[in-house]
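Q: Have a peek at run_13.cif (mmCIF, C-alpha atoms and all ligand atoms; chains and numbers go by the auth columns).
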data_structure
#
loop_
_atom_site.group_PDB
_atom_site.id
_atom_site.type_symbol
_atom_site.label_atom_id
_atom_site.label_comp_id
_atom_site.label_asym_id
_atom_site.label_seq_id
_atom_site.Cartn_x
_atom_site.Cartn_y
_atom_site.Cartn_z
_atom_site.B_iso_or_equiv
_atom_site.auth_seq_id
_atom_site.auth_asym_id
ATOM 1 C CA MET A 1 64.548 50.780 10.906 0.00 1 A
ATOM 2 C CA THR A 2 64.734 51.388 7.158 0.00 2 A
ATOM 3 C CA ASP A 3 66.000 47.923 6.253 0.00 3 A
ATOM 4 C CA CYS A 4 63.544 45.846 8.287 0.00 4 A
ATOM 5 C CA LEU A 5 60.784 43.888 6.538 0.00 5 A
ATOM 6 C CA PHE A 6 58.216 44.325 9.299 0.00 6 A
ATOM 7 C CA CYS A 7 59.042 48.028 9.747 0.00 7 A
ATOM 8 C CA LYS A 8 58.276 48.347 6.033 0.00 8 A
ATOM 9 C CA ILE A 9 54.892 46.673 6.604 0.00 9 A
ATOM 10 C CA VAL A 10 54.221 49.145 9.446 0.00 10 A
ATOM 11 C CA ALA A 11 55.143 52.013 7.123 0.00 11 A
ATOM 12 C CA GLY A 12 52.846 50.660 4.383 0.00 12 A
ATOM 13 C CA GLU A 13 55.804 50.181 2.019 0.00 13 A
ATOM 14 C CA ILE A 14 55.132 46.433 1.745 0.00 14 A
ATOM 15 C CA PRO A 15 51.494 45.294 1.518 0.00 15 A
ATOM 16 C CA ALA A 16 50.024 42.998 4.158 0.00 16 A
ATOM 17 C CA LYS A 17 46.575 41.673 4.966 0.00 17 A
ATOM 18 C CA VAL A 18 46.105 43.680 8.170 0.00 18 A
ATOM 19 C CA VAL A 19 43.499 42.299 10.572 0.00 19 A
ATOM 20 C CA ASP A 20 44.076 44.583 13.557 0.00 20 A
ATOM 21 C CA ASP A 21 45.637 48.029 13.878 0.00 21 A
ATOM 22 C CA ALA A 22 45.211 49.460 17.351 0.00 22 A
ATOM 23 C CA GLY A 23 47.556 51.172 19.759 0.00 23 A
ATOM 24 C CA ARG A 24 51.158 50.074 19.575 0.00 24 A
ATOM 25 C CA THR A 25 50.655 46.752 17.758 0.00 25 A
ATOM 26 C CA LEU A 26 49.751 45.620 14.249 0.00 26 A
ATOM 27 C CA ALA A 27 48.415 42.179 13.253 0.00 27 A
ATOM 28 C CA PHE A 28 48.404 40.711 9.759 0.00 28 A
ATOM 29 C CA ALA A 29 48.204 37.380 7.962 0.00 29 A
ATOM 30 C CA ASP A 30 51.383 35.348 7.641 0.00 30 A
ATOM 31 C CA ILE A 31 52.411 35.077 3.975 0.00 31 A
ATOM 32 C CA GLU A 32 53.120 31.331 4.373 0.00 32 A
ATOM 33 C CA PRO A 33 50.407 30.022 6.710 0.00 33 A
ATOM 34 C CA GLN A 34 51.197 26.928 8.774 0.00 34 A
ATOM 35 C CA ALA A 35 47.636 26.516 10.084 0.00 35 A
ATOM 36 C CA PRO A 36 44.130 27.525 8.935 0.00 36 A
ATOM 37 C CA THR A 37 44.574 30.638 11.090 0.00 37 A
ATOM 38 C CA HIS A 38 48.130 32.009 11.050 0.00 38 A
ATOM 39 C CA LEU A 39 48.498 35.648 12.028 0.00 39 A
ATOM 40 C CA LEU A 40 51.489 37.682 13.153 0.00 40 A
ATOM 41 C CA VAL A 41 51.304 40.340 15.847 0.00 41 A
ATOM 42 C CA ILE A 42 54.144 42.857 15.784 0.00 42 A
ATOM 43 C CA THR A 43 54.980 46.085 17.523 0.00 43 A
ATOM 44 C CA LYS A 44 54.904 49.240 15.419 0.00 44 A
ATOM 45 C CA GLU A 45 58.206 50.223 17.005 0.00 45 A
ATOM 46 C CA HIS A 46 61.250 48.201 16.013 0.00 46 A
ATOM 47 C CA HIS A 47 62.572 45.706 18.575 0.00 47 A
ATOM 48 C CA PRO A 48 64.795 42.881 17.296 0.00 48 A
ATOM 49 C CA SER A 49 63.147 40.125 19.353 0.00 49 A
ATOM 50 C CA ALA A 50 60.648 39.417 22.126 0.00 50 A
ATOM 51 C CA ALA A 51 63.531 39.349 24.594 0.00 51 A
ATOM 52 C CA GLU A 52 64.682 42.813 23.623 0.00 52 A
ATOM 53 C CA ALA A 53 61.132 44.177 23.565 0.00 53 A
ATOM 54 C CA ALA A 54 60.569 42.775 27.076 0.00 54 A
ATOM 55 C CA ALA A 55 63.807 44.319 28.321 0.00 55 A
ATOM 56 C CA ALA A 56 62.997 47.714 26.797 0.00 56 A
ATOM 57 C CA ASP A 57 59.276 47.835 27.596 0.00 57 A
ATOM 58 C CA PRO A 58 57.648 44.887 29.449 0.00 58 A
ATOM 59 C CA ALA A 59 54.132 46.323 29.071 0.00 59 A
ATOM 60 C CA LEU A 60 54.538 46.252 25.299 0.00 60 A
ATOM 61 C CA VAL A 61 54.842 42.465 25.367 0.00 61 A
ATOM 62 C CA GLY A 62 51.585 42.332 27.331 0.00 62 A
ATOM 63 C CA GLU A 63 49.991 44.432 24.597 0.00 63 A
ATOM 64 C CA ILE A 64 51.206 41.937 21.966 0.00 64 A
ATOM 65 C CA VAL A 65 49.571 39.069 23.865 0.00 65 A
ATOM 66 C CA ALA A 66 46.345 41.049 24.368 0.00 66 A
ATOM 67 C CA THR A 67 46.230 41.786 20.631 0.00 67 A
ATOM 68 C CA ALA A 68 46.921 38.112 19.892 0.00 68 A
ATOM 69 C CA HIS A 69 43.892 37.108 21.932 0.00 69 A
ATOM 70 C CA ARG A 70 41.742 39.775 20.273 0.00 70 A
ATOM 71 C CA VAL A 71 42.656 38.611 16.751 0.00 71 A
ATOM 72 C CA ALA A 72 42.175 34.966 17.775 0.00 72 A
ATOM 73 C CA GLN A 73 38.668 35.886 18.929 0.00 73 A
ATOM 74 C CA ALA A 74 37.996 37.767 15.693 0.00 74 A
ATOM 75 C CA ALA A 75 39.252 34.771 13.687 0.00 75 A
ATOM 76 C CA GLY A 76 36.915 32.483 15.615 0.00 76 A
ATOM 77 C CA VAL A 77 39.614 30.293 17.155 0.00 77 A
ATOM 78 C CA ALA A 78 39.706 31.647 20.702 0.00 78 A
ATOM 79 C CA GLU A 79 37.272 29.070 22.096 0.00 79 A
ATOM 80 C CA SER A 80 38.735 26.026 20.373 0.00 80 A
ATOM 81 C CA GLY A 81 42.238 27.175 21.297 0.00 81 A
ATOM 82 C CA TYR A 82 45.310 28.601 19.656 0.00 82 A
ATOM 83 C CA ARG A 83 49.057 28.656 20.022 0.00 83 A
ATOM 84 C CA LEU A 84 51.255 31.736 20.488 0.00 84 A
ATOM 85 C CA VAL A 85 54.887 31.445 19.414 0.00 85 A
ATOM 86 C CA PHE A 86 57.726 33.945 19.752 0.00 86 A
ATOM 87 C CA ASN A 87 60.648 32.461 17.842 0.00 87 A
ATOM 88 C CA THR A 88 63.672 34.072 19.458 0.00 88 A
ATOM 89 C CA GLY A 89 67.174 33.637 18.058 0.00 89 A
ATOM 90 C CA PRO A 90 68.882 31.173 15.721 0.00 90 A
ATOM 91 C CA ASP A 91 67.945 27.843 17.365 0.00 91 A
ATOM 92 C CA ALA A 92 64.278 28.863 17.193 0.00 92 A
ATOM 93 C CA ASN A 93 64.688 29.759 13.511 0.00 93 A
ATOM 94 C CA GLN A 94 63.730 33.390 13.992 0.00 94 A
ATOM 95 C CA THR A 95 63.969 34.664 10.423 0.00 95 A
ATOM 96 C CA VAL A 96 62.686 38.233 10.777 0.00 96 A
ATOM 97 C CA PRO A 97 64.590 40.297 13.374 0.00 97 A
ATOM 98 C CA HIS A 98 61.571 42.356 14.449 0.00 98 A
ATOM 99 C CA VAL A 99 59.516 41.068 17.388 0.00 99 A
ATOM 100 C CA HIS A 100 56.530 39.057 16.226 0.00 100 A
ATOM 101 C CA CYS A 101 54.110 36.674 17.849 0.00 101 A
ATOM 102 C CA HIS A 102 52.689 33.879 15.708 0.00 102 A
ATOM 103 C CA VAL A 103 48.992 33.186 16.376 0.00 103 A
ATOM 104 C CA LEU A 104 48.221 29.678 15.134 0.00 104 A
ATOM 105 C CA GLY A 105 44.808 28.076 15.264 0.00 105 A
ATOM 106 C CA GLY A 106 42.070 26.232 13.449 0.00 106 A
ATOM 107 C CA ARG A 107 43.613 22.789 13.908 0.00 107 A
ATOM 108 C CA THR A 108 44.940 20.633 16.723 0.00 108 A
ATOM 109 C CA MET A 109 48.564 21.519 17.445 0.00 109 A
ATOM 110 C CA THR A 110 51.224 18.906 18.046 0.00 110 A
ATOM 111 C CA TRP A 111 53.704 18.870 20.914 0.00 111 A
ATOM 112 C CA PRO A 112 56.664 19.005 21.072 0.00 112 A
ATOM 113 C CA PRO A 113 57.063 21.414 18.147 0.00 113 A
ATOM 114 C CA GLY A 114 59.757 20.504 15.625 0.00 114 A
HETATM 115 P P1 LIG B . 59.944 33.663 12.157 0.00 201 B
HETATM 116 O O1 LIG B . 60.474 32.524 11.319 0.00 201 B
HETATM 117 O O2 LIG B . 60.939 34.800 12.208 0.00 201 B
HETATM 118 O O3 LIG B . 59.452 33.256 13.508 0.00 201 B
HETATM 119 O O4 LIG B . 58.639 34.167 11.426 0.00 201 B
HETATM 120 C C1 LIG B . 58.635 35.054 10.358 0.00 201 B
HETATM 121 C C2 LIG B . 57.324 34.869 9.639 0.00 201 B
HETATM 122 O O5 LIG B . 57.155 35.941 8.745 0.00 201 B
HETATM 123 C C3 LIG B . 57.239 33.577 8.805 0.00 201 B
HETATM 124 O O6 LIG B . 56.163 32.778 9.265 0.00 201 B
HETATM 125 C C4 LIG B . 57.036 34.078 7.382 0.00 201 B
HETATM 126 O O7 LIG B . 56.133 33.277 6.633 0.00 201 B
HETATM 127 C C5 LIG B . 56.495 35.471 7.598 0.00 201 B
HETATM 128 N N1 LIG B . 56.822 36.397 6.538 0.00 201 B
HETATM 129 C C6 LIG B . 58.030 36.534 5.917 0.00 201 B
HETATM 130 N N2 LIG B . 57.975 37.511 4.994 0.00 201 B
HETATM 131 C C7 LIG B . 56.700 38.003 5.039 0.00 201 B
HETATM 132 C C8 LIG B . 56.024 39.038 4.304 0.00 201 B
HETATM 133 O O8 LIG B . 56.590 39.712 3.428 0.00 201 B
HETATM 134 N N3 LIG B . 54.722 39.238 4.605 0.00 201 B
HETATM 135 C C9 LIG B . 54.070 38.513 5.553 0.00 201 B
HETATM 136 N N4 LIG B . 52.788 38.785 5.767 0.00 201 B
HETATM 137 N N5 LIG B . 54.674 37.543 6.272 0.00 201 B
HETATM 138 C C10 LIG B . 55.972 37.287 6.003 0.00 201 B
HETATM 139 ZN ZN ZN B . 61.606 46.446 12.336 0.00 202 B
#
Mind turning the file's structure into structure tokens?

A:
Amino acid sequence: MTDCLFCKIVAGEIPAKVVDDAGRTLAFADIEPQAPTHLLVITKEHHPSAAEAAAADPALVGEIVATAHRVAQAAGVAESGYRLVFNTGPDANQTVPHVHCHVLGGRTMTWPPG
């Protein structure tokens, strides 16, 4: 999609600190980190949300989670633990309508999330 922020990152039109580029996913640092480790894993293909990606291609969502674990390992937070978040829709405050998985780590997470 030409007007999508994360599609522009995939296309290299907007710079990002890419940490993983393999297969059908791309991972990069969140511009406004909410934890010492805060990465985003997206699909290279445009899907508006995790729900729509799952409906179109369930295996792709598995690839997102596998990439999330790989980048958590590379960031050194896999053993201490990390949180994966797919904000989906307005009540979850999804702000970018391109499927993305937040990988948060490096501190103890609180529950329930706000
Ligand atoms: P959402 O609120 O949709 O779950 O998450 C979108 C995330 O994208 C936010 O955490 C926000 O900080 C991040 N973000 C927004 N614009 C950019 C950008 O231009 N570059 C990067 N790397 N992250 C961005
Ligand atoms: Zn997109």

Q: If we count only C-alpha atoms and set the cut-off at 7 Å, which residues sit around stretch 65-78 of chain A, ignoring sequence neighbours fewer than 6 positions away in its own chain? Please answer as a list in words.

A: Asp20, Val41, Val103, Gly105 and Gly106 of chain A

Q: Could you give me, as CSV, a per-residue list for chain A showing, wherever an atom lies at most 10 Å from an atom of ligand LIG 201 (chain B), the closest pair of atoms and their distance in Å to one decimal, using all atoms listed in the file and sorting by chain then residue number from low to high?

A:
residue,atom,partner,partner_atom,distance
A:Leu5,CA,B:LIG201,O8,6.7
A:Phe6,CA,B:LIG201,C8,7.6
A:Lys8,CA,B:LIG201,O8,9.2
A:Ile9,CA,B:LIG201,N3,7.7
A:Ile14,CA,B:LIG201,O8,7.1
A:Pro15,CA,B:LIG201,N3,7.5
A:Ala16,CA,B:LIG201,N4,5.3
A:Lys17,CA,B:LIG201,N4,6.9
A:Val18,CA,B:LIG201,N4,8.6
A:Ala27,CA,B:LIG201,N4,9.3
A:Phe28,CA,B:LIG201,N4,6.2
A:Ala29,CA,B:LIG201,N4,5.3
A:Asp30,CA,B:LIG201,N4,4.2
A:Ile31,CA,B:LIG201,N5,4.1
A:Glu32,CA,B:LIG201,O7,4.2
A:Pro33,CA,B:LIG201,O7,6.6
A:Gln34,CA,B:LIG201,O6,7.7
A:His38,CA,B:LIG201,O6,8.3
A:Leu39,CA,B:LIG201,N4,8.2
A:Leu40,CA,B:LIG201,C2,7.4
A:Ser49,CA,B:LIG201,O2,9.2
A:Val85,CA,B:LIG201,O3,7.7
A:Phe86,CA,B:LIG201,O3,6.5
A:Asn87,CA,B:LIG201,O3,4.6
A:Thr88,CA,B:LIG201,O3,7.3
A:Gly89,CA,B:LIG201,O2,8.6
A:Pro90,CA,B:LIG201,O2,9.4
A:Ala92,CA,B:LIG201,O3,7.5
A:Asn93,CA,B:LIG201,O1,5.5
A:Gln94,CA,B:LIG201,O2,3.6
A:Thr95,CA,B:LIG201,O2,3.5
A:Val96,CA,B:LIG201,O2,4.1
A:Pro97,CA,B:LIG201,O2,6.7
A:His98,CA,B:LIG201,O2,7.9
A:Val99,CA,B:LIG201,O2,8.3
A:His100,CA,B:LIG201,O3,7.0
A:Cys101,CA,B:LIG201,O3,7.7
A:His102,CA,B:LIG201,O3,7.1

Q: Which residue out of A:Asp21, A:Glu45, A:Glu13, A:Glu63 has the minimum interatomic distance to ligand ZN 202 (chain B) when only C-alpha atoms and all ligand atoms are used?

A: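 Distance minimum relative to ligand ZN 202 (chain B) lands on A:Glu45.
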
Q: Kindly indicate which residue among A:Glu52, A:Asp3, A:Asp57, A:Glu79 lies nearest to ligand ZN 202 (chain B), using all atoms listed in the file for the distances.

A: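 When distances to ligand ZN 202 (chain B) are compared using all atoms listed in the file, the smallest one comes from A:Asp3.
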
Q: Which residue is closest to ligand ZN 202 (chain B)? Choose from A:Ala11, A:Met1, A:Ala55, A:Ile64 and count only C-alpha atoms and all ligand atoms.

A: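 Closest candidate: A:Met1.
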
Q: To one decimal place in Å, what is the distance between atom ZN of ligand ZN 202 (chain B) and atom CA of A:Arg83?

A: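 Atom CA of A:Arg83 lies 23.1 Å from atom ZN of ligand ZN 202 (chain B).
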
Q: Which of these, A:Ala22, A:Thr43, A:Ala35, A:Arg107, has the shortest distance to ligand ZN 202 (chain B) once you count only C-alpha atoms and all ligand atoms?

A: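 So, comparing all the options, the nearest one is A:Thr43.
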
Q: Report, in Å with one decimal, the straight-line distance from atom CA of A:Pro48 to atom CA of A:Thr2.

A: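 Interatomic distance, atom CA of A:Pro48 to atom CA of A:Thr2: 13.2 Å.
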
Q: What is the distance between atom CA of A:Gly12 and atom CA of A:Ala54, in Å to one decimal?

A: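 Separating atom CA of A:Gly12 from atom CA of A:Ala54 is a distance of 25.2 Å.
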
Q: Rank A:Pro113, A:Cys7, A:Leu26, A:Val19 by their smallest atom-to-atom distance to ligand ZN 202 (chain B), using only C-alpha atoms and all ligand atoms, and report the top residue only.

A: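 Smallest distance to ligand ZN 202 (chain B) is found for A:Cys7.
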
Q: For A:Pro36, which residue out of A:Ser80, A:Leu104, A:Gly23, A:Ala50 is the nearest one, using all atoms listed in the file?

A: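 Between A:Ser80, A:Leu104, A:Gly23, A:Ala50, the residue approaching A:Pro36 most closely is A:Leu104.
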
Q: Model the absent atoms of stretch 44-72 of chain A so that N, CA and C atoms are present, and write the result as a short mmCIF file (atom, residue, chain, number, x, y, z; two decimals), keeping the file's coordinate frame.

A:
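Result file is selection.cif:
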data_model
loop_
_atom_site.label_atom_id
_atom_site.label_comp_id
_atom_site.auth_asym_id
_atom_site.auth_seq_id
_atom_site.Cartn_x
_atom_site.Cartn_y
_atom_site.Cartn_z
N LYS A 44 54.66 48.24 16.46
CA LYS A 44 54.90 49.24 15.42
C LYS A 44 56.33 49.80 15.53
N GLU A 45 56.84 49.78 16.76
CA GLU A 45 58.21 50.22 17.00
C GLU A 45 59.14 49.03 16.78
N HIS A 46 60.31 49.30 16.27
CA HIS A 46 61.25 48.20 16.01
C HIS A 46 61.93 47.71 17.29
N HIS A 47 61.78 46.41 17.56
CA HIS A 47 62.57 45.71 18.58
C HIS A 47 63.02 44.41 17.91
N PRO A 48 64.29 44.03 18.05
CA PRO A 48 64.80 42.88 17.30
C PRO A 48 64.16 41.54 17.68
N SER A 49 63.71 41.41 18.92
CA SER A 49 63.15 40.12 19.35
C SER A 49 62.23 40.37 20.54
N ALA A 50 61.51 39.32 20.94
CA ALA A 50 60.65 39.42 22.13
C ALA A 50 61.48 39.72 23.37
N ALA A 51 62.67 39.13 23.42
CA ALA A 51 63.53 39.35 24.59
C ALA A 51 63.92 40.82 24.71
N GLU A 52 64.27 41.41 23.59
CA GLU A 52 64.68 42.81 23.62
C GLU A 52 63.50 43.75 23.85
N ALA A 53 62.34 43.38 23.31
CA ALA A 53 61.13 44.18 23.56
C ALA A 53 60.78 44.13 25.06
N ALA A 54 60.89 42.93 25.65
CA ALA A 54 60.57 42.78 27.08
C ALA A 54 61.54 43.58 27.94
N ALA A 55 62.81 43.57 27.55
CA ALA A 55 63.81 44.32 28.32
C ALA A 55 63.56 45.83 28.21
N ALA A 56 63.18 46.27 27.02
CA ALA A 56 63.00 47.71 26.80
C ALA A 56 61.67 48.21 27.36
N ASP A 57 60.63 47.36 27.29
CA ASP A 57 59.28 47.84 27.60
C ASP A 57 58.37 46.63 27.90
N PRO A 58 58.41 46.10 29.12
CA PRO A 58 57.65 44.89 29.45
C PRO A 58 56.16 45.00 29.13
N ALA A 59 55.57 46.17 29.33
CA ALA A 59 54.13 46.32 29.07
C ALA A 59 53.80 46.10 27.60
N LEU A 60 54.75 46.41 26.74
CA LEU A 60 54.54 46.25 25.30
C LEU A 60 54.31 44.78 24.95
N VAL A 61 55.01 43.90 25.63
CA VAL A 61 54.84 42.46 25.37
C VAL A 61 53.44 42.02 25.82
N GLY A 62 52.96 42.59 26.91
CA GLY A 62 51.58 42.33 27.33
C GLY A 62 50.59 42.80 26.27
N GLU A 63 50.89 43.92 25.65
CA GLU A 63 49.99 44.43 24.60
C GLU A 63 49.99 43.50 23.38
N ILE A 64 51.15 42.91 23.08
CA ILE A 64 51.21 41.94 21.97
C ILE A 64 50.29 40.75 22.27
N VAL A 65 50.38 40.24 23.50
CA VAL A 65 49.57 39.07 23.86
C VAL A 65 48.08 39.43 23.89
N ALA A 66 47.75 40.62 24.36
CA ALA A 66 46.34 41.05 24.37
C ALA A 66 45.82 41.16 22.94
N THR A 67 46.64 41.70 22.04
CA THR A 67 46.23 41.79 20.63
C THR A 67 46.08 40.39 20.04
N ALA A 68 46.99 39.49 20.40
CA ALA A 68 46.92 38.11 19.89
C ALA A 68 45.59 37.48 20.28
N HIS A 69 45.17 37.69 21.51
CA HIS A 69 43.89 37.11 21.93
C HIS A 69 42.73 37.77 21.18
N ARG A 70 42.81 39.07 20.99
CA ARG A 70 41.74 39.78 20.27
C ARG A 70 41.62 39.27 18.83
N VAL A 71 42.74 39.07 18.15
CA VAL A 71 42.66 38.61 16.75
C VAL A 71 42.26 37.14 16.69
N ALA A 72 42.62 36.36 17.72
CA ALA A 72 42.18 34.97 17.77
C ALA A 72 40.66 34.92 17.94
#
